[in-house]
Amino acid sequence: MEKLRPAERLEILVLVDNVTDTLSGVPAFVARESANLRRAGMIRMSGAGMCCAIHGLSLVVTAHFAGAPSRTVLFDAGPWGGAVDHNGSRLGVPYASIEAVVLSHGHWDHAGGLERAAALIHAARGEQVPCYLHPGMFQERGQRQPDGGVFPMDFVPEPARLAEAGFAPIVTDKPQHLADGAFWVSGEIPRVSGYERGIPSQVTRAGPDAPWTPDPLVTDERFLAANVAGKGLVVFSACSHAGIVNVLHHARQSFPVERLHAVMGGFHLSGENEVIIPETVRDLGTFGLSLIIPAHCTGWRAVNALERAYGEAVVLPSAVGRTFTL
């Protein structure tokens, strides 16, 4: 049974996400992008001053403790260093406060900004910070196309490259506590739901001349968790290729004495996984969640289905530049 140091509150800044939405109404615990831009020094509205929405995800998560220092981690780094640079400079991301980085799984839309993030964090702190990686993240992957061909994915930077950029890579498939017990990153996620099937079209190969072979399960995926005193566990699942229901089953199994308060991230219920929206929406209701915060690859059909099932008080979509205080 795992334990986490209960935080007084969590602040989650959305550094990278697919969607920009600075106009929709939000509850009091959410700050919109425009408010965060003004707080960081924006004095006149302009296109160049706004955040860039792009296919990917990156969250800056800070745990605040009564009478003790806050602890901050970066969960994924989006698809491209330019997005980290652009959005981070406008939002005033406190790179000097980031003391650990977690890559959720080995896909370009989460790993492409890692080297730039490493450089920014290293420059701000003057030291290498740990970057948690899974050994299965570095294989070449692609997606089988309708015509039978394969569209290759960009590679995840190797640990040596990330070390050169400013990280201290920690490559392991075992669960880990981060930041003095403020956060926990899971190991591999058991597949128990039966219908969550990963990415059926994904393939991999051992080298440029090797054949492509099926690779649907993305077994290198992990989730990040934190605990909020009096509320319970907050689970961050960047893409949920393991299935968001499987993710939550594993979170509940790993922390059986904690209630599940919130889940945030990409639920990957778009594209070829739209067929499992009904089962996923149904089963999310079995976890007693107070908040469901879909982001990135969840897809509009799934977001709409979740809101219809559980209402606006529970389902609150993410958007780039927002801050959620839980």
# chains A, B, ... in the order shown; residues from 1 in each chain; ligands from 1

call {"tool": "closest_atom_pairs", "arguments": {"of": "region 146-224 of chain A", "to": "region 66-89 of chain A", "cutoff": "12 Å", "atoms": "only C-alpha atoms", "output": "JSON lines"}}
result
{"residue": "A:Met153", "atom": "CA", "partner": "A:Pro79", "partner_atom": "CA", "distance": 11.4}
{"residue": "A:Asp154", "atom": "CA", "partner": "A:Pro79", "partner_atom": "CA", "distance": 9.8}
{"residue": "A:Phe155", "atom": "CA", "partner": "A:Pro79", "partner_atom": "CA", "distance": 11.2}
{"residue": "A:Val156", "atom": "CA", "partner": "A:Pro79", "partner_atom": "CA", "distance": 10.2}
{"residue": "A:Pro157", "atom": "CA", "partner": "A:Pro79", "partner_atom": "CA", "distance": 11.8}
{"residue": "A:His177", "atom": "CA", "partner": "A:Val73", "partner_atom": "CA", "distance": 11.8}
{"residue": "A:Leu178", "atom": "CA", "partner": "A:Val73", "partner_atom": "CA", "distance": 8.4}
{"residue": "A:Ala179", "atom": "CA", "partner": "A:Arg71", "partner_atom": "CA", "distance": 6.3}
{"residue": "A:Asp180", "atom": "CA", "partner": "A:Arg71", "partner_atom": "CA", "distance": 8.4}
{"residue": "A:Gly181", "atom": "CA", "partner": "A:Arg71", "partner_atom": "CA", "distance": 9.6}
{"residue": "A:Ala182", "atom": "CA", "partner": "A:Arg71", "partner_atom": "CA", "distance": 6.9}
{"residue": "A:Phe183", "atom": "CA", "partner": "A:Val73", "partner_atom": "CA", "distance": 8.4}
{"residue": "A:Trp184", "atom": "CA", "partner": "A:Val73", "partner_atom": "CA", "distance": 10.7}
{"residue": "A:Val185", "atom": "CA", "partner": "A:Phe75", "partner_atom": "CA", "distance": 10.0}
{"residue": "A:Glu221", "atom": "CA", "partner": "A:Asp76", "partner_atom": "CA", "distance": 11.7}
{"residue": "A:Arg222", "atom": "CA", "partner": "A:Phe75", "partner_atom": "CA", "distance": 10.8}
{"residue": "A:Phe223", "atom": "CA", "partner": "A:Phe75", "partner_atom": "CA", "distance": 9.3}
{"residue": "A:Leu224", "atom": "CA", "partner": "A:Phe75", "partner_atom": "CA", "distance": 7.7}

call {"tool": "write_last_selection", "arguments": {"atoms": "C-alpha atoms", "output": "PDB file, in the first residue's frame"}}
result
ATOM      1  CA  MET A 153       6.537   8.750 -35.089  1.00  0.00           C
ATOM      2  CA  ASP A 154       9.399  10.954 -33.973  1.00  0.00           C
ATOM      3  CA  PHE A 155      11.778   9.365 -31.460  1.00  0.00           C
ATOM      4  CA  VAL A 156      11.783  10.105 -27.742  1.00  0.00           C
ATOM      5  CA  PRO A 157      15.141  11.707 -26.805  1.00  0.00           C
ATOM      6  CA  HIS A 177       8.018   8.674  -4.891  1.00  0.00           C
ATOM      7  CA  LEU A 178       8.987  12.184  -5.998  1.00  0.00           C
ATOM      8  CA  ALA A 179       9.705  15.454  -4.217  1.00  0.00           C
ATOM      9  CA  ASP A 180       9.947  14.055  -0.686  1.00  0.00           C
ATOM     10  CA  GLY A 181       6.725  12.085  -0.959  1.00  0.00           C
ATOM     11  CA  ALA A 182       4.612  14.887  -2.415  1.00  0.00           C
ATOM     12  CA  PHE A 183       4.025  12.930  -5.645  1.00  0.00           C
ATOM     13  CA  TRP A 184       4.064   9.328  -6.848  1.00  0.00           C
ATOM     14  CA  VAL A 185       4.583   7.967 -10.345  1.00  0.00           C
ATOM     15  CA  GLU A 221       2.736   4.400 -19.806  1.00  0.00           C
ATOM     16  CA  ARG A 222       2.510   5.553 -16.144  1.00  0.00           C
ATOM     17  CA  PHE A 223       0.379   8.038 -14.212  1.00  0.00           C
ATOM     18  CA  LEU A 224       1.232  10.689 -11.619  1.00  0.00           C
TER      19      LEU A 224
END

call {"tool": "residues_around", "arguments": {"residues": "Val30 (chain A)", "least_positions_apart": "6", "cutoff": "9 Å", "atoms": "only C-alpha atoms", "output": "NGL selection string"}}
result
:A and (322-326)

call {"tool": "write_last_selection", "arguments": {"atoms": "C-alpha atoms", "output": "JSON list (two decimals), in the first residue's frame"}}
result
[["chain", "number", "residue", "atom", "x", "y", "z"],
["A", 322, "ARG", "CA", -5.56, 27.65, -17.25],
["A", 323, "THR", "CA", -4.74, 27.05, -13.59],
["A", 324, "PHE", "CA", -6.77, 24.56, -11.56],
["A", 325, "THR", "CA", -6.54, 24.84, -7.76],
["A", 326, "LEU", "CA", -7.76, 21.67, -6.08]]

call {"tool": "residues_around", "arguments": {"residues": "Gln145 (chain A)", "least_positions_apart": "3", "cutoff": "12 Å", "atoms": "only C-alpha atoms", "output": "number ranges by chain"}}
result
A: 142, 148-152, 200-203, 272

call {"tool": "closest_residue", "arguments": {"among": "A:Cys239, A:Leu114, A:Ala168, A:Ala31", "to": "Ser270 (chain A)", "atoms": "only C-alpha atoms"}}
result
A:Cys239

call {"tool": "residues_around", "arguments": {"residues": "Val303 (chain A)", "least_positions_apart": "3", "cutoff": "10 Å", "atoms": "only C-alpha atoms", "output": "PyMOL selection string"}}
result
chain A and resi 267+269-270+277+281+292-295+298-300+306-309+315-317

call {"tool": "closest_residue", "arguments": {"among": "A:Val228, A:Ala111, A:Val26, A:Val61", "to": "Pro94 (chain A)", "atoms": "only C-alpha atoms"}}
result
A:Val61

call {"tool": "closest_residue", "arguments": {"among": "A:Ser34, A:Asn246, A:Gln176, A:Thr62", "to": "Tyr132 (chain A)", "atoms": "only C-alpha atoms"}}
result
A:Gln176

call {"tool": "select_by_dssp", "arguments": {"residues": "region 28-252 of chain A", "states": "helix (DSSP H, G or I)", "output": "MDAnalysis selection string"}}
result
chainID A and resid 33:39 81:91 95:97 108:111 114:125 135:138 159:165 244:252

call {"tool": "select_by_dssp", "arguments": {"residues": "region 90-311 of chain A", "states": "strand (DSSP E or B)", "output": "ChimeraX atom specification"}}
result
/A:98-102,129-133,140-144,150-152,167-171,176-178,183-185,202-205,213-214,224-228,232-237,260-266,291-295

call {"tool": "residues_around", "arguments": {"residues": "Asn18 (chain A)", "least_positions_apart": "2", "cutoff": "6 Å", "atoms": "only C-alpha atoms", "output": "JSON, numbers by chain"}}
result
{"A": [53, 54, 55, 296]}

call {"tool": "closest_residue", "arguments": {"among": "A:Asp17, A:Pro169, A:Ile43, A:Pro190", "to": "His110 (chain A)", "atoms": "only C-alpha atoms"}}
result
A:Asp17

call {"tool": "residues_around", "arguments": {"residues": "His64 (chain A)", "least_positions_apart": "6", "cutoff": "6 Å", "atoms": "only C-alpha atoms", "output": "list in words"}}
result
Ala7, Glu8, Arg9 and Ser70 of chain A

call {"tool": "closest_residue", "arguments": {"among": "A:Pro130, A:Gly271, A:Gly265, A:Pro175", "to": "Phe236 (chain A)", "atoms": "only C-alpha atoms"}}
result
A:Gly265

call {"tool": "closest_residue", "arguments": {"among": "A:Arg161, A:Phe255, A:Val19, A:Gly230", "to": "Cys297 (chain A)", "atoms": "only C-alpha atoms"}}
result
A:Val19

call {"tool": "atom_distance", "arguments": {"atom1": "CA of His105 (chain A)", "atom2": "CA of Ala206 (chain A)"}}
result
18.0 Å

call {"tool": "atom_distance", "arguments": {"atom1": "CA of Leu4 (chain A)", "atom2": "CA of Ser58 (chain A)"}}
result
22.2 Å

call {"tool": "atom_distance", "arguments": {"atom1": "CA of Val235 (chain A)", "atom2": "CA of Val263 (chain A)"}}
result
4.7 Å
